[in-house]
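A short write-up of the structure that comes next.
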Amino acid sequence: MTSALFFPTNSPLVKLYTPDQERPTDFVIELISLPENRIGLNLVNAFHSALDHIDNFMLGLPKEKENIGGSLITTSSGKFYSNGLDFSVFKNDPKEFNPFFWGLLTRLLVFRLPTIAAINGHAFAGGCILAMAHDYRVMNSTRGYICMNEVDINVALKRGSSALIASKISSDTTLKKMLLECHRYSANEAKEYGIVDEAVPHDMVFSTADKIAKRLSKKALAKGEAFKMTKAELYYSTVLALNSGEFVAGSYLSKL
């Protein structure tokens with residue numbers, strides 16, 4: 001890529017670029033629906049379009065470059081990484097929006113390249129879930145919290161979302177504190193409890209994520225096929241939950 005791409009082209013919500021021309025397969029997706037980067041149908045579509053471009057670029061690599069590797073960092077600027085779902089869309093038709101959002105989460109979860117969320121600010125609810133769908137997370141220790149606050153706003157967490165969070169956190173105590181108590185984790189707390197991998201000052205968030213990207217880029221051999229399939233097996237049950245068609249929390253209880 002020689003210049004940034006914007007999705008959609010009119011009223012863009014997502015920016016796709018490669019920060020280093022010598023590393024043409026190390027991509028950055030920047031959320032630019034500021035200030036909050038609320039997740040609605042348009043932003044999810046824009047994100048998919050950016051991922052489509054990356055997929056097509058990788059699959060189009062000539063034979064002699066298929067082991068070049070690659071990576072994907074997602075980030076934003078300002079106060080928020082993402083402040084969660086756009087409830088004006090979500091409450092309109094949750095049965096339509098949930099599978100749409102979960103399709104994006106599934107795609108990120110098993111993406112062919114190593115993925116790193118460079119969490120520049122707050123990541124609440126759906127924004128937290130989006131960050132957790134990445135392989136690695138680097139969080140701003142200067143400002144921002146990561147939090148699953150659904151219970152506090154009277155929203156029951158659905159099967160796919162809860163399965164994704166549980167797949168990334170091994171401690172039952174941390175899961176309860178995060179999902180049932182809606183604890184707001186600072187970056188340093190989040191690192192201590194295994195929610196993020198690195199907690200660094202604001203001006204080091206992207207550079208730290210980029211170091212991880214450089215280190216892991218070489219793992220995406222053969223256009224990332226083995227990397228993708230390994231993640232598909234690692235998160236097998238989570239992928240099934242995200243694609244189960246169960247969009248009403250606790251609906252299985254009525255069948256017992």
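Just so we're on the same page: first chain in the structure tokens is A, next is B, and so on; residues restart at 1 for each chain, and ligands are numbered from 1 in the order they show up.
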
What's around A:Ser11 at 12 Å? Count only C-alpha atoms, leave out sequence neighbours fewer than 4 positions away in its own chain, and write the answer as a VMD selection string. chain A and resid 6 to 7 15 32 to 34 42 to 43 46

If you count only C-alpha atoms, which residues fall within 7 Å of A:His202, apart from same-chain ones fewer than 3 positions away, as a list in words? Asn120, Asn140, Ser141, Thr142 and Val205 of chain A

Selection from above, N, CA and C atoms, as a JSON list (two decimals), in the first residue's frame, can you write it?
[["chain", "number", "residue", "atom", "x", "y", "z"],
["A", 120, "ASN", "N", -5.73, 2.78, 22.98],
["A", 120, "ASN", "CA", -5.29, 4.14, 23.26],
["A", 120, "ASN", "C", -6.06, 4.81, 24.39],
["A", 140, "ASN", "N", -2.99, 1.74, 27.21],
["A", 140, "ASN", "CA", -2.52, 3.03, 27.68],
["A", 140, "ASN", "C", -2.62, 3.11, 29.20],
["A", 141, "SER", "N", -1.48, 3.23, 29.88],
["A", 141, "SER", "CA", -1.50, 3.32, 31.35],
["A", 141, "SER", "C", -1.68, 4.75, 31.84],
["A", 142, "THR", "N", -1.63, 5.71, 30.92],
["A", 142, "THR", "CA", -1.80, 7.11, 31.30],
["A", 142, "THR", "C", -3.26, 7.46, 31.50],
["A", 205, "VAL", "N", 2.20, 3.37, 23.41],
["A", 205, "VAL", "CA", 1.21, 2.33, 23.10],
["A", 205, "VAL", "C", 1.43, 1.77, 21.70]]

Here is a test: counting only C-alpha atoms, which residue of A:Pro24, A:Phe87, A:Phe124, A:Met132 is nearest to A:Leu109?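 Of all the options, A:Met132 lies closest to A:Leu109.
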
So that I can check the surroundings of A:Arg184, please list as number ranges by chain every protein, DNA and RNA residue that reaches within 8 Å of it, counting only C-alpha atoms and ignoring chain neighbours fewer than 2 positions away. A: 145-148, 178, 182, 186

Write the residues of the preceding selection, restricted to N, CA and C atoms, as a compact mmCIF listing (two decimals), in the first residue's frame.
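Listed below is the output, result_24.txt:
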# COMPACT_ATOMS: atom_id res chain seq x y z
N TYR A 145 -9.83 3.00 30.90
CA TYR A 145 -10.22 1.77 31.59
C TYR A 145 -10.73 0.77 30.56
N ILE A 146 -10.60 -0.50 30.89
CA ILE A 146 -11.21 -1.56 30.10
C ILE A 146 -12.24 -2.23 30.99
N CYS A 147 -13.45 -2.39 30.48
CA CYS A 147 -14.56 -2.77 31.35
C CYS A 147 -15.68 -3.43 30.56
N MET A 148 -16.27 -4.47 31.17
CA MET A 148 -17.49 -5.10 30.64
C MET A 148 -18.63 -4.66 31.55
N MET A 178 -14.95 -9.30 36.34
CA MET A 178 -15.11 -8.56 35.08
C MET A 178 -16.55 -8.55 34.59
N CYS A 182 -18.59 -5.96 36.91
CA CYS A 182 -18.34 -4.86 35.96
C CYS A 182 -17.19 -3.96 36.41
N SER A 186 -7.88 -0.47 35.29
CA SER A 186 -6.85 0.38 34.71
C SER A 186 -5.91 -0.51 33.91

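Going from atom CA of A:Leu16 over to atom CA of A:His53, you cover 9.0 Å.
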
Given only C-alpha atoms as the basis, pick out the residue of A:Ser162, A:Ser207, A:Ser244, A:Asn154 nearest to A:Lys176.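 So, comparing all the options, the nearest one is A:Ser162.
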
What is the atom CA of A:Gly69-atom CA of A:Phe111 distance in Å, reported with one decimal?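 Computed distance, atom CA of A:Gly69 to atom CA of A:Phe111, equals 12.9 Å.
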
Of the candidates A:Ala4, A:Ile68, A:Met229, A:Leu113, which one gets nearest to A:Leu51 if we count only C-alpha atoms?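 Answer, going by the shortest atom-to-atom distance: A:Leu113.
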
Using backbone DSSP assignments, extract all strand (DSSP E or B) residues from stretch 5-214 of chain A; output them as a PyMOL selection string. chain A and resi 5-7+14-17+26-31+39+71-75+80-82+85+115-119+122-124+136-140+146-147+185+198-200

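Interatomic distance, atom CA of A:Ile116 to atom CA of A:Asp135: 5.9 Å.
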
Leaving out A:Val196 and any residue of its chain fewer than 3 positions from it, which residues lie within 10 Å of it when counting only C-alpha atoms, given as a CSV table (one decimal) with C-alpha atoms, in the first residue's frame?
chain,number,residue,atom,x,y,z
A,117,ALA,CA,-5.1,-4.1,19.8
A,119,ILE,CA,-5.8,0.4,23.2
A,131,ALA,CA,-10.2,-5.7,21.9
A,132,MET,CA,-10.4,-9.2,23.4
A,135,ASP,CA,-4.3,-12.1,19.9
A,136,TYR,CA,-2.5,-9.5,22.0
A,137,ARG,CA,-3.5,-6.2,23.8
A,138,VAL,CA,-1.4,-3.2,24.6
A,139,MET,CA,-3.1,-0.6,26.9
A,146,ILE,CA,-11.2,-1.6,30.1
A,168,LYS,CA,-9.1,-15.2,26.8
A,169,ILE,CA,-9.2,-15.2,30.6
A,187,ALA,CA,-4.1,-0.7,32.3
A,188,ASN,CA,-1.8,-1.8,35.2
A,189,GLU,CA,-4.6,-3.8,36.8
A,190,ALA,CA,-5.6,-5.3,33.5
A,191,LYS,CA,-2.0,-6.5,32.9
A,192,GLU,CA,-1.8,-7.9,36.5
A,193,TYR,CA,-5.0,-10.0,35.9
A,199,ALA,CA,0.5,-1.5,30.0

Sel. of alpha helix (DSSP H) residues, stretch 32-139 of chain A, as a PyMOL selection string: chain A and resi 41-59+87-90+94-109+126-132
